[in-house]
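Structure data follow from target31.cif (mmCIF, C-alpha atoms and all ligand atoms):
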data_query
loop_
_atom_site.label_atom_id
_atom_site.label_comp_id
_atom_site.auth_asym_id
_atom_site.auth_seq_id
_atom_site.Cartn_x
_atom_site.Cartn_y
_atom_site.Cartn_z
CA MET A 462 23.09 -21.55 5.53
CA LEU A 463 25.16 -23.15 2.79
CA THR A 464 25.37 -21.09 -0.40
CA GLU A 465 25.24 -23.32 -3.46
CA TRP A 466 27.39 -21.86 -6.29
CA ILE A 467 26.12 -23.21 -9.63
CA LYS A 468 28.32 -22.78 -12.71
CA ALA A 469 26.16 -24.10 -15.55
CA PRO A 470 22.58 -24.36 -14.29
CA ALA A 471 20.46 -27.18 -15.77
CA ASP A 472 16.64 -27.32 -15.82
CA ALA A 473 16.67 -29.05 -12.42
CA ASP A 474 18.63 -26.11 -10.94
CA TYR A 475 16.13 -23.60 -12.31
CA ALA A 476 13.37 -25.74 -10.81
CA ARG A 477 15.09 -25.54 -7.41
CA ALA A 478 15.57 -21.79 -7.87
CA LYS A 479 11.82 -21.52 -8.43
CA ALA A 480 11.18 -23.55 -5.29
CA TRP A 481 13.41 -21.21 -3.22
CA LEU A 482 11.64 -18.15 -4.66
CA LEU A 483 8.16 -19.54 -3.97
CA ALA A 484 9.25 -20.60 -0.47
CA GLY A 485 10.19 -17.00 0.38
CA ASP A 486 13.92 -17.07 -0.15
CA VAL A 487 16.33 -15.32 -2.54
CA VAL A 488 18.52 -16.39 -5.48
CA ALA A 489 21.51 -14.46 -6.88
CA PHE A 490 21.77 -14.38 -10.68
CA PRO A 491 23.83 -12.68 -13.40
CA THR A 492 22.58 -9.89 -15.63
CA GLU A 493 24.45 -8.03 -18.37
CA THR A 494 24.91 -5.06 -15.97
CA VAL A 495 25.68 -6.47 -12.50
CA TYR A 496 24.56 -9.52 -10.48
CA GLY A 497 21.11 -9.27 -8.90
CA LEU A 498 19.70 -10.68 -5.67
CA GLY A 499 16.22 -11.83 -6.64
CA ALA A 500 12.98 -12.52 -4.81
CA TYR A 501 9.53 -13.28 -6.21
CA VAL A 502 7.50 -10.03 -6.17
CA GLY A 503 4.58 -11.99 -4.70
CA SER A 504 6.52 -13.20 -1.65
CA GLU A 505 6.73 -10.77 1.28
CA ALA A 506 9.11 -13.17 3.03
CA GLY A 507 11.43 -13.24 0.02
CA LEU A 508 11.35 -9.45 -0.33
CA ALA A 509 12.20 -9.07 3.35
CA ARG A 510 15.13 -11.47 2.90
CA ILE A 511 16.61 -9.15 0.22
CA PHE A 512 16.73 -6.20 2.62
CA GLU A 513 18.08 -8.41 5.39
CA ALA A 514 20.81 -10.11 3.30
CA LYS A 515 22.05 -6.79 1.87
CA GLY A 516 21.58 -4.65 4.95
CA ARG A 517 19.58 -2.37 2.66
CA PRO A 518 17.56 0.58 4.01
CA SER A 519 13.83 -0.19 3.60
CA ASP A 520 13.18 3.22 1.96
CA ASN A 521 15.19 2.15 -1.10
CA PRO A 522 12.87 0.53 -3.70
CA LEU A 523 13.73 -2.51 -5.86
CA ILE A 524 13.72 -3.07 -9.63
CA VAL A 525 11.22 -5.63 -10.98
CA HIS A 526 12.80 -7.88 -13.64
CA VAL A 527 10.54 -9.27 -16.36
CA ALA A 528 10.81 -11.49 -19.45
CA PRO A 529 9.11 -11.18 -22.86
CA GLY A 530 5.49 -12.28 -22.71
CA MET A 531 4.99 -11.60 -19.00
CA ASP A 532 1.81 -9.81 -17.98
CA LEU A 533 3.04 -6.33 -17.01
CA SER A 534 -0.45 -5.19 -15.97
CA GLU A 535 0.12 -6.93 -12.62
CA ILE A 536 3.08 -4.59 -12.04
CA VAL A 537 2.32 -1.26 -13.72
CA ARG A 538 -0.93 0.69 -13.92
CA GLU A 539 -0.26 1.63 -17.55
CA PHE A 540 2.41 1.07 -20.16
CA PRO A 541 2.38 4.37 -22.10
CA PRO A 542 3.46 4.66 -25.75
CA GLU A 543 6.79 6.23 -24.71
CA ALA A 544 7.55 3.16 -22.59
CA GLN A 545 6.65 0.91 -25.52
CA ALA A 546 8.97 2.88 -27.81
CA LEU A 547 11.87 2.56 -25.37
CA ALA A 548 11.16 -1.13 -24.79
CA ASP A 549 11.10 -1.76 -28.56
CA ARG A 550 14.50 -0.16 -28.88
CA PHE A 551 16.38 -1.12 -25.68
CA TRP A 552 14.73 -4.26 -24.19
CA PRO A 553 16.00 -6.74 -23.37
CA GLY A 554 18.94 -4.65 -22.16
CA PRO A 555 20.48 -2.33 -19.57
CA MET A 556 17.56 0.11 -19.21
CA THR A 557 15.10 0.47 -16.31
CA MET A 558 11.89 2.48 -16.62
CA ILE A 559 10.02 4.14 -13.75
CA LEU A 560 6.25 3.85 -14.34
CA ARG A 561 3.09 4.28 -12.27
CA LYS A 562 2.59 1.12 -10.24
CA ASN A 563 -0.36 -1.24 -10.06
CA PRO A 564 -1.74 -0.64 -6.53
CA LYS A 565 -1.85 -4.44 -6.04
CA LEU A 566 1.96 -4.65 -6.26
CA SER A 567 3.65 -4.98 -2.87
CA ASP A 568 4.69 -1.72 -1.16
CA THR A 569 7.85 -3.49 -0.05
CA VAL A 570 9.03 -3.58 -3.68
CA THR A 571 8.41 0.13 -4.22
CA ALA A 572 9.19 1.45 -0.73
CA ARG A 573 5.64 2.84 -0.65
CA LEU A 574 6.15 5.05 -3.73
CA ASP A 575 3.32 5.13 -6.27
CA THR A 576 5.82 4.27 -9.02
CA VAL A 577 7.74 1.09 -9.84
CA ALA A 578 11.06 0.38 -11.59
CA VAL A 579 10.86 -2.28 -14.35
CA ARG A 580 13.60 -3.86 -16.47
CA MET A 581 13.96 -6.72 -18.96
CA PRO A 582 17.56 -8.01 -18.72
CA SER A 583 19.31 -9.52 -21.75
CA HIS A 584 21.74 -11.92 -20.02
CA PRO A 585 20.77 -15.44 -21.15
CA MET A 586 20.88 -16.80 -17.60
CA ALA A 587 18.67 -13.98 -16.25
CA MET A 588 16.30 -14.58 -19.15
CA ALA A 589 16.29 -18.33 -18.45
CA LEU A 590 15.57 -17.79 -14.75
CA LEU A 591 12.64 -15.47 -15.54
CA GLN A 592 11.22 -17.66 -18.30
CA LYS A 593 11.68 -21.05 -16.67
CA THR A 594 10.19 -19.87 -13.35
CA GLY A 595 7.57 -17.66 -15.01
CA LEU A 596 7.93 -15.29 -12.02
CA PRO A 597 8.58 -11.52 -12.10
CA ILE A 598 11.64 -11.08 -9.88
CA ALA A 599 12.43 -8.03 -7.75
CA ALA A 600 16.19 -7.64 -7.55
CA PRO A 601 18.66 -5.05 -6.36
CA SER A 602 22.37 -5.48 -7.02
CA ALA A 603 23.67 -8.51 -5.08
CA ASN A 604 26.23 -6.63 -2.97
CA THR A 605 26.21 -5.72 0.70
CA SER A 606 24.68 -2.22 0.86
CA GLY A 607 27.34 0.44 0.31
CA ARG A 608 29.89 -1.83 -1.39
CA PRO A 609 30.61 -1.76 -5.15
CA SER A 610 28.02 -3.74 -7.14
CA PRO A 611 29.11 -7.30 -8.00
CA THR A 612 30.27 -7.94 -11.57
CA SER A 613 31.29 -11.58 -11.06
CA ALA A 614 29.98 -14.57 -9.12
CA ALA A 615 33.07 -14.33 -6.88
CA HIS A 616 32.04 -10.79 -5.87
CA VAL A 617 28.57 -12.03 -4.91
CA TYR A 618 30.06 -14.91 -2.94
CA GLU A 619 32.35 -12.47 -1.09
CA ASP A 620 29.35 -10.48 0.16
CA MET A 621 26.58 -13.12 0.35
CA SER A 622 28.21 -16.43 1.24
CA GLY A 623 26.22 -18.08 4.04
CA ARG A 624 23.36 -15.55 3.66
CA ILE A 625 21.65 -16.90 0.53
CA PRO A 626 20.86 -20.44 -0.63
CA MET A 627 21.80 -20.19 -4.30
CA LEU A 628 24.13 -18.30 -6.66
CA LEU A 629 23.90 -18.77 -10.45
CA ASP A 630 27.28 -18.09 -12.09
CA GLY A 631 27.07 -16.49 -15.52
CA GLY A 632 30.67 -15.28 -15.67
CA PRO A 633 31.77 -11.63 -15.67
CA CYS A 634 29.10 -9.02 -16.50
CA ALA A 635 29.60 -7.47 -19.95
CA VAL A 636 28.43 -3.94 -19.05
CA GLY A 637 29.67 -3.89 -15.46
CA LEU A 638 27.66 -0.82 -14.35
CA GLU A 639 24.02 -0.80 -13.23
CA SER A 640 21.25 -0.07 -15.75
CA THR A 641 20.28 3.40 -16.91
CA ILE A 642 17.13 4.48 -15.03
CA ILE A 643 14.65 6.73 -16.85
CA ASP A 644 11.61 8.17 -15.07
CA LEU A 645 8.56 8.16 -17.36
CA SER A 646 6.08 8.72 -14.52
CA GLU A 647 6.17 12.51 -14.89
CA ARG A 648 7.30 15.15 -17.35
CA PRO A 649 9.87 16.16 -18.32
CA PHE A 650 11.33 12.66 -18.67
CA CYS A 651 14.42 12.38 -16.54
CA VAL A 652 17.42 10.06 -16.24
CA LEU A 653 17.74 9.16 -12.55
CA ARG A 654 20.87 7.00 -12.94
CA PRO A 655 23.25 7.10 -15.93
CA GLY A 656 24.26 3.77 -17.48
CA ALA A 657 25.23 2.10 -20.75
CA ILE A 658 22.10 3.42 -22.51
CA THR A 659 23.16 7.04 -22.80
CA LEU A 660 21.13 10.26 -22.64
CA GLU A 661 21.87 10.74 -26.34
CA ALA A 662 20.44 7.29 -27.18
CA LEU A 663 17.28 7.96 -25.14
CA ARG A 664 16.83 11.33 -26.85
CA GLU A 665 16.90 9.61 -30.24
CA VAL A 666 13.71 7.80 -29.22
CA LEU A 667 11.92 10.32 -26.98
CA GLY A 668 13.21 13.74 -27.98
CA ASP A 669 13.58 15.77 -24.80
CA VAL A 670 15.09 13.85 -21.88
CA TYR A 671 17.01 15.50 -19.05
CA MET A 672 19.62 14.37 -16.57
CA ASP A 673 18.37 14.54 -12.96
CA PRO A 674 19.90 17.81 -11.69
CA GLY A 675 20.84 15.91 -8.51
CA LEU A 676 23.42 13.91 -10.51
CA THR A 677 25.47 16.58 -12.26
CA VAL A 678 28.91 17.69 -11.14
CA GLY A 679 28.88 19.78 -7.96
CA ALA A 680 25.08 19.39 -7.51
CA ASP A 681 23.60 20.08 -4.07
CA VAL A 682 20.07 18.92 -5.00
CA THR A 683 18.91 15.51 -3.64
CA PRO A 684 18.76 12.92 -6.46
CA LYS A 685 15.26 11.61 -7.32
CA ALA A 686 16.12 7.89 -7.16
CA PRO A 687 16.17 7.08 -3.43
CA GLY A 688 19.21 4.83 -3.93
CA MET A 689 21.32 7.57 -5.48
CA LYS A 690 21.46 9.61 -2.28
CA TYR A 691 23.37 7.01 -0.28
CA ARG A 692 27.14 6.87 0.10
CA HIS A 693 28.01 4.03 -2.23
CA TYR A 694 30.77 2.06 -3.90
CA ALA A 695 33.35 3.48 -1.53
CA PRO A 696 36.51 1.43 -1.01
CA LYS A 697 37.84 1.29 2.55
CA GLY A 698 40.81 3.47 1.61
CA GLU A 699 40.47 7.19 0.93
CA LEU A 700 39.81 7.79 -2.79
CA TRP A 701 40.84 10.90 -4.74
CA MET A 702 40.03 11.72 -8.38
CA ALA A 703 42.50 13.40 -10.72
CA THR A 704 40.87 15.74 -13.23
CA GLY A 705 42.12 17.57 -16.35
CA THR A 706 43.77 16.24 -19.50
CA PRO A 707 45.34 12.77 -19.27
CA ASP A 708 48.78 14.41 -18.96
CA GLU A 709 47.58 16.71 -16.17
CA GLN A 710 46.01 13.72 -14.39
CA ARG A 711 49.28 11.81 -14.55
CA ALA A 712 51.23 14.77 -13.12
CA LYS A 713 48.71 15.27 -10.29
CA ILE A 714 48.82 11.60 -9.33
CA GLN A 715 52.62 11.46 -9.42
CA LYS A 716 52.76 14.45 -7.08
CA ALA A 717 50.09 13.00 -4.79
CA LEU A 718 51.99 9.69 -4.61
CA ALA A 719 55.14 11.52 -3.55
CA ASP A 720 53.21 13.53 -0.93
CA ALA A 721 51.52 10.35 0.38
CA CYS A 722 54.80 8.52 0.88
CA GLY A 723 54.73 6.97 4.35
CA ARG A 724 50.92 7.29 4.63
CA GLY A 725 50.36 3.55 4.25
CA ARG A 726 49.65 1.50 1.13
CA ARG A 727 49.08 3.73 -1.89
CA GLY A 728 46.94 2.61 -4.84
CA VAL A 729 46.55 4.04 -8.33
CA LEU A 730 43.61 3.45 -10.67
CA THR A 731 45.09 4.08 -14.08
CA THR A 732 44.60 3.48 -17.80
CA LYS A 733 46.54 1.33 -20.25
CA GLU A 734 48.11 4.48 -21.68
CA HIS A 735 49.69 5.33 -18.28
CA ALA A 736 50.08 1.82 -16.87
CA THR A 737 53.86 2.04 -16.44
CA ASP A 738 54.05 5.67 -15.31
CA PHE A 739 53.41 5.23 -11.58
CA THR A 740 55.37 3.84 -8.66
CA ALA A 741 52.98 2.76 -5.91
CA GLU A 742 52.24 -0.31 -3.78
CA VAL A 743 49.20 -1.19 -5.94
CA VAL A 744 48.58 -0.08 -9.54
CA LEU A 745 45.36 -1.31 -11.20
CA CYS A 746 44.44 -0.65 -14.82
CA LEU A 747 40.85 0.06 -15.91
CA GLY A 748 41.62 -0.47 -19.60
CA SER A 749 42.41 1.67 -22.59
CA ARG A 750 41.02 5.18 -23.03
CA GLN A 751 40.33 4.00 -26.59
CA ALA A 752 37.82 1.47 -25.15
CA PRO A 753 35.60 3.32 -22.62
CA ASP A 754 33.20 0.32 -22.42
CA GLU A 755 36.06 -1.83 -21.19
CA MET A 756 36.95 0.80 -18.56
CA ALA A 757 33.33 0.78 -17.39
CA ALA A 758 33.27 -3.02 -17.16
CA HIS A 759 36.35 -3.09 -14.88
CA LEU A 760 35.56 -0.26 -12.46
CA PHE A 761 33.80 -2.19 -9.68
CA ASP A 762 36.26 -5.08 -9.79
CA CYS A 763 39.15 -2.62 -9.37
CA LEU A 764 37.45 -0.87 -6.44
CA ARG A 765 37.01 -4.24 -4.70
CA ARG A 766 40.63 -5.23 -5.37
CA PHE A 767 41.97 -2.07 -3.69
CA ASP A 768 40.19 -3.28 -0.55
CA GLU A 769 41.56 -6.81 -0.89
CA MET A 770 45.06 -5.41 -1.19
CA GLY A 771 44.60 -3.19 1.84
CA CYS A 772 45.08 0.20 0.19
CA ASP A 773 44.87 3.17 2.56
CA VAL A 774 44.77 5.87 -0.10
CA ILE A 775 43.88 5.59 -3.80
CA PHE A 776 44.40 8.07 -6.64
CA ALA A 777 42.21 7.59 -9.72
CA GLU A 778 42.39 8.83 -13.28
CA THR A 779 39.05 10.09 -14.63
CA MET A 780 37.09 10.15 -17.92
CA ASP A 781 35.05 12.85 -19.65
CA TRP A 782 31.35 13.05 -18.66
CA THR A 783 30.22 11.91 -22.13
CA GLY A 784 28.69 8.64 -23.38
CA ILE A 785 29.38 5.76 -20.98
CA GLY A 786 31.89 8.09 -19.26
CA THR A 787 28.92 9.81 -17.58
CA ALA A 788 28.01 6.54 -15.84
CA VAL A 789 31.60 5.72 -14.92
CA MET A 790 32.18 9.22 -13.49
CA ASN A 791 28.86 9.15 -11.59
CA ARG A 792 30.00 5.96 -9.76
CA LEU A 793 33.59 7.12 -9.29
CA LYS A 794 32.48 10.48 -7.92
CA LYS A 795 30.26 8.73 -5.37
CA ALA A 796 33.05 6.34 -4.45
CA ALA A 797 35.39 9.30 -3.90
CA GLY A 798 32.78 11.30 -2.02
CA GLY A 799 33.54 14.03 -4.60
CA GLN A 800 37.20 14.47 -3.53
CA THR A 801 39.47 15.71 -6.33
CA LEU A 802 43.24 16.33 -6.34
CA SER A 803 44.17 20.00 -6.74
O1 LIG B 901 21.38 -3.00 -13.54
C1 LIG B 901 20.58 -2.97 -12.62
O2 LIG B 901 19.63 -2.15 -12.59
C2 LIG B 901 20.78 -3.95 -11.47
C3 LIG B 901 20.49 -5.35 -12.01
C4 LIG B 901 20.49 -6.40 -10.93
O3 LIG B 901 19.29 -5.34 -12.73
N1 LIG B 901 19.94 -3.63 -10.36
C5 LIG B 901 20.19 -2.56 -9.56
O4 LIG B 901 19.32 -2.45 -8.48
O5 LIG B 901 21.09 -1.78 -9.74
P1 LIG B 901 19.60 -1.50 -7.23
O6 LIG B 901 18.56 -1.83 -6.26
O7 LIG B 901 21.01 -1.66 -6.80
O8 LIG B 901 19.32 -0.07 -7.75
C6 LIG B 901 17.99 0.32 -8.02
C7 LIG B 901 17.91 1.80 -8.09
C8 LIG B 901 18.03 2.47 -6.73
O9 LIG B 901 18.81 3.65 -6.86
C9 LIG B 901 16.58 2.79 -6.40
O10 LIG B 901 16.46 3.87 -5.52
C10 LIG B 901 16.02 3.11 -7.79
O11 LIG B 901 16.61 2.13 -8.60
N2 LIG B 901 14.55 2.94 -7.83
C11 LIG B 901 13.83 1.80 -7.72
N3 LIG B 901 12.51 2.05 -7.79
C12 LIG B 901 12.38 3.38 -7.96
C13 LIG B 901 11.25 4.26 -8.11
N4 LIG B 901 10.00 3.82 -8.09
N5 LIG B 901 11.51 5.59 -8.27
C14 LIG B 901 12.79 6.06 -8.30
N6 LIG B 901 13.88 5.27 -8.19
C15 LIG B 901 13.68 3.96 -8.01
MG MG B 902 22.71 -1.38 -5.86
#
If you took the structure in this file and wrote it as structure tokens, what would it be?
Ligand code: TXA
Ligand code: MG
Amino acid sequence: MLTEWIKAPADADYARAKAWLLAGDVVAFPTETVYGLGAYVGSEAGLARIFEAKGRPSDNPLIVHVAPGMDLSEIVREFPPEAQALADRFWPGPMTMILRKNPKLSDTVTARLDTVAVRMPSHPMAMALLQKTGLPIAAPSANTSGRPSPTSAAHVYEDMSGRIPMLLDGGPCAVGLESTIIDLSERPFCVLRPGAITLEALREVLGDVYMDPGLTVGADVTPKAPGMKYRHYAPKGELWMATGTPDEQRAKIQKALADACGRGRRGVLTTKEHATDFTAEVVLCLGSRQAPDEMAAHLFDCLRRFDEMGCDVIFAETMDWTGIGTAVMNRLKKAAGGQTLS
């Protein structure tokens, strides 16, 4: 199958996207978080194609993407006042809510759970796709299962070329990490996946909200979001995190680089502040510690580039588990399988 890569979609392209979706196929599209691989929620064939194209386990449910004005009653059983309050504040935007599902909604979308994940993305091209097709679209991230989520059309093409008919190119994703997921289906309300909408921001609207105990440092509890239990984001090379103050991190990485001499291609994931402090085969910079959002936006691209450059071992600087740093560290910790430099 030829994958058509469309840079500035016109109305006719959206019309063809709609035709693919109704015919039971998938379309990749940009959102402000990461690129999604979308199917119409009403097409079992399209939903099956998502799992097939990604190599995704069928017990991992999908997020339903909606636009303003869509009839949510087809998707959720109820839209409680707490959901309305969060939607008023954070939609369209990088926040997904878990709600009780409408029993009519396909079990393929929800992996047979009695809840469903719903999100209204703010990216203009995602919004255009949803509004011009008028279809609610189920979409996971558009990467091969296990790889870092795609934050550019080139990343999607890398993983999906020849497997999908159409890729809408909306440029690099501004947030660069997947949406915050909050579970409103039971109390206490719980964040199942940290993202750009922080715990603090959610608490401003809802009062008490907790972080899923399965996500915190050193946890041995299974996370509640099925997708969070899988090994994920891992580059092919071995990845180690450096903890402590920025100075301590630099010292640990410099020592690790010396020890790893002769162990193949060594990579460092650093910050602007330390960009010239390391001697290694590959040094990639996340951005400045003064701009944590920028660091977040570059993480997945850097992880992919270590693979491209054939790194065998990678040493990464880390951030504090606060604000967007919680989301960055959650992904980095998964990518490293929890390994830290001593
Ligand atoms: O930013 C995003 O959310 C991106 C863009 C494309 O919107 N999508 C995304 O989808 O990250 P995906 O499939 O890669 O991640 C969805 C996560 C998985 O961890 C899945 O287990 C969880 O949401 N999830 C979906 N439905 C759920 C449910 N009913 N209960 C608990 N977790 C759910
Ligand atoms: Mg994903």
Contacts with ligand LIG 901 (chain B) at most 6 Å, only C-alpha atoms and all ligand atoms counted, listed as a PyMOL selection string: chain A and resi 494-497+521-524+559+571+574+576-578+600-602+639-640+686-689
Residue nearest Glu742 in chain A among A:Val652, A:Val729, A:Ala544, A:Ala473 (counting all atoms listed in the file): A:Val729
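When all atoms listed in the file are used to measure the gap to ligand MG 902 (chain B), the shortest distance among A:Val502, A:Ala721, A:Leu745, A:Ala603 belongs to A:Ala603.
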12 Å contact set for Val670 in chain A, all atoms listed in the file, chain neighbours under 5 positions out, as number ranges by chain: A: 543, 642-645, 647-653, 659-665
Polymer residues at most 10 Å from Gly728 in chain A, only C-alpha atoms, same-chain spacing of 5 or more positions, as a list in words: Gly698, Glu699, Leu700, Leu718, Phe739, Thr740, Ala741, Glu742, Val743, Val744, Leu745, Phe767, Asp768, Met770, Gly771, Cys772, Asp773, Val774, Ile775, Phe776 and Ala777 of chain A
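Here CA of Lys794 in chain A is placed at a distance of 9.0 Å from CA of Trp701 in chain A.
Counting from CA of Ala528 in chain A, the distance to CA of Met672 in chain A is 27.5 Å.
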Model the absent atoms of range 694-703 of chain A so that all heavy atoms are present, and write the result as a PDB file, in the coordinates of the input.
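Once everything was written out, this is selection_30.pdb:
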ATOM      1  N   TYR A 694      29.613   2.484  -3.111  1.00  0.00           N
ATOM      2  CA  TYR A 694      30.770   2.060  -3.900  1.00  0.00           C
ATOM      3  C   TYR A 694      32.115   2.344  -3.241  1.00  0.00           C
ATOM      4  O   TYR A 694      33.148   2.082  -3.811  1.00  0.00           O
ATOM      5  CB  TYR A 694      30.794   2.736  -5.295  1.00  0.00           C
ATOM      6  CG  TYR A 694      29.490   2.709  -6.041  1.00  0.00           C
ATOM      7  CD1 TYR A 694      28.840   3.880  -6.412  1.00  0.00           C
ATOM      8  CD2 TYR A 694      28.909   1.492  -6.383  1.00  0.00           C
ATOM      9  CE1 TYR A 694      27.651   3.855  -7.119  1.00  0.00           C
ATOM     10  CE2 TYR A 694      27.717   1.459  -7.078  1.00  0.00           C
ATOM     11  CZ  TYR A 694      27.091   2.648  -7.450  1.00  0.00           C
ATOM     12  OH  TYR A 694      25.919   2.619  -8.149  1.00  0.00           O
ATOM     13  N   ALA A 695      32.102   2.973  -2.078  1.00  0.00           N
ATOM     14  CA  ALA A 695      33.350   3.480  -1.530  1.00  0.00           C
ATOM     15  C   ALA A 695      34.277   2.352  -1.092  1.00  0.00           C
ATOM     16  O   ALA A 695      33.879   1.473  -0.329  1.00  0.00           O
ATOM     17  CB  ALA A 695      33.052   4.387  -0.348  1.00  0.00           C
ATOM     18  N   PRO A 696      35.532   2.371  -1.560  1.00  0.00           N
ATOM     19  CA  PRO A 696      36.510   1.430  -1.010  1.00  0.00           C
ATOM     20  C   PRO A 696      36.859   1.853   0.415  1.00  0.00           C
ATOM     21  O   PRO A 696      36.517   2.959   0.843  1.00  0.00           O
ATOM     22  CB  PRO A 696      37.710   1.589  -1.939  1.00  0.00           C
ATOM     23  CG  PRO A 696      37.564   2.925  -2.582  1.00  0.00           C
ATOM     24  CD  PRO A 696      36.103   3.276  -2.558  1.00  0.00           C
ATOM     25  N   LYS A 697      37.519   0.961   1.150  1.00  0.00           N
ATOM     26  CA  LYS A 697      37.840   1.290   2.550  1.00  0.00           C
ATOM     27  C   LYS A 697      38.880   2.402   2.618  1.00  0.00           C
ATOM     28  O   LYS A 697      38.853   3.234   3.512  1.00  0.00           O
ATOM     29  CB  LYS A 697      38.328   0.030   3.276  1.00  0.00           C
ATOM     30  CG  LYS A 697      37.193  -0.972   3.468  1.00  0.00           C
ATOM     31  CD  LYS A 697      37.663  -2.303   4.072  1.00  0.00           C
ATOM     32  CE  LYS A 697      36.556  -3.345   4.010  1.00  0.00           C
ATOM     33  NZ  LYS A 697      36.992  -4.617   3.399  1.00  0.00           N
ATOM     34  N   GLY A 698      39.800   2.411   1.642  1.00  0.00           N
ATOM     35  CA  GLY A 698      40.810   3.470   1.610  1.00  0.00           C
ATOM     36  C   GLY A 698      40.193   4.775   1.120  1.00  0.00           C
ATOM     37  O   GLY A 698      39.124   4.791   0.525  1.00  0.00           O
ATOM     38  N   GLU A 699      40.926   5.874   1.382  1.00  0.00           N
ATOM     39  CA  GLU A 699      40.470   7.190   0.930  1.00  0.00           C
ATOM     40  C   GLU A 699      40.697   7.284  -0.581  1.00  0.00           C
ATOM     41  O   GLU A 699      41.772   6.924  -1.064  1.00  0.00           O
ATOM     42  CB  GLU A 699      41.369   8.194   1.627  1.00  0.00           C
ATOM     43  CG  GLU A 699      40.782   9.526   1.908  1.00  0.00           C
ATOM     44  CD  GLU A 699      41.834  10.344   2.662  1.00  0.00           C
ATOM     45  OE1 GLU A 699      41.961  10.141   3.894  1.00  0.00           O
ATOM     46  OE2 GLU A 699      42.512  11.138   2.002  1.00  0.00           O
ATOM     47  N   LEU A 700      39.688   7.753  -1.323  1.00  0.00           N
ATOM     48  CA  LEU A 700      39.810   7.790  -2.790  1.00  0.00           C
ATOM     49  C   LEU A 700      39.792   9.235  -3.290  1.00  0.00           C
ATOM     50  O   LEU A 700      38.936  10.024  -2.878  1.00  0.00           O
ATOM     51  CB  LEU A 700      38.656   6.986  -3.396  1.00  0.00           C
ATOM     52  CG  LEU A 700      38.514   6.943  -4.922  1.00  0.00           C
ATOM     53  CD1 LEU A 700      39.735   6.316  -5.581  1.00  0.00           C
ATOM     54  CD2 LEU A 700      37.263   6.158  -5.309  1.00  0.00           C
ATOM     55  N   TRP A 701      40.747   9.555  -4.152  1.00  0.00           N
ATOM     56  CA  TRP A 701      40.840  10.900  -4.740  1.00  0.00           C
ATOM     57  C   TRP A 701      40.818  10.802  -6.249  1.00  0.00           C
ATOM     58  O   TRP A 701      41.493   9.950  -6.821  1.00  0.00           O
ATOM     59  CB  TRP A 701      42.144  11.577  -4.304  1.00  0.00           C
ATOM     60  CG  TRP A 701      42.215  11.877  -2.843  1.00  0.00           C
ATOM     61  CD1 TRP A 701      42.599  11.018  -1.846  1.00  0.00           C
ATOM     62  CD2 TRP A 701      41.875  13.122  -2.209  1.00  0.00           C
ATOM     63  NE1 TRP A 701      42.516  11.643  -0.628  1.00  0.00           N
ATOM     64  CE2 TRP A 701      42.085  12.943  -0.816  1.00  0.00           C
ATOM     65  CE3 TRP A 701      41.426  14.362  -2.675  1.00  0.00           C
ATOM     66  CZ2 TRP A 701      41.849  13.960   0.103  1.00  0.00           C
ATOM     67  CZ3 TRP A 701      41.204  15.377  -1.752  1.00  0.00           C
ATOM     68  CH2 TRP A 701      41.417  15.169  -0.384  1.00  0.00           C
ATOM     69  N   MET A 702      40.073  11.706  -6.909  1.00  0.00           N
ATOM     70  CA  MET A 702      40.030  11.720  -8.380  1.00  0.00           C
ATOM     71  C   MET A 702      40.980  12.787  -8.920  1.00  0.00           C
ATOM     72  O   MET A 702      41.059  13.890  -8.384  1.00  0.00           O
ATOM     73  CB  MET A 702      38.621  12.087  -8.863  1.00  0.00           C
ATOM     74  CG  MET A 702      37.555  11.078  -8.496  1.00  0.00           C
ATOM     75  SD  MET A 702      35.950  11.567  -9.168  1.00  0.00           S
ATOM     76  CE  MET A 702      35.558  12.993  -8.155  1.00  0.00           C
ATOM     77  N   ALA A 703      41.664  12.432 -10.025  1.00  0.00           N
ATOM     78  CA  ALA A 703      42.500  13.400 -10.720  1.00  0.00           C
ATOM     79  C   ALA A 703      41.751  13.891 -11.950  1.00  0.00           C
ATOM     80  O   ALA A 703      41.275  13.085 -12.745  1.00  0.00           O
ATOM     81  CB  ALA A 703      43.823  12.753 -11.137  1.00  0.00           C
TER      82      ALA A 703
END
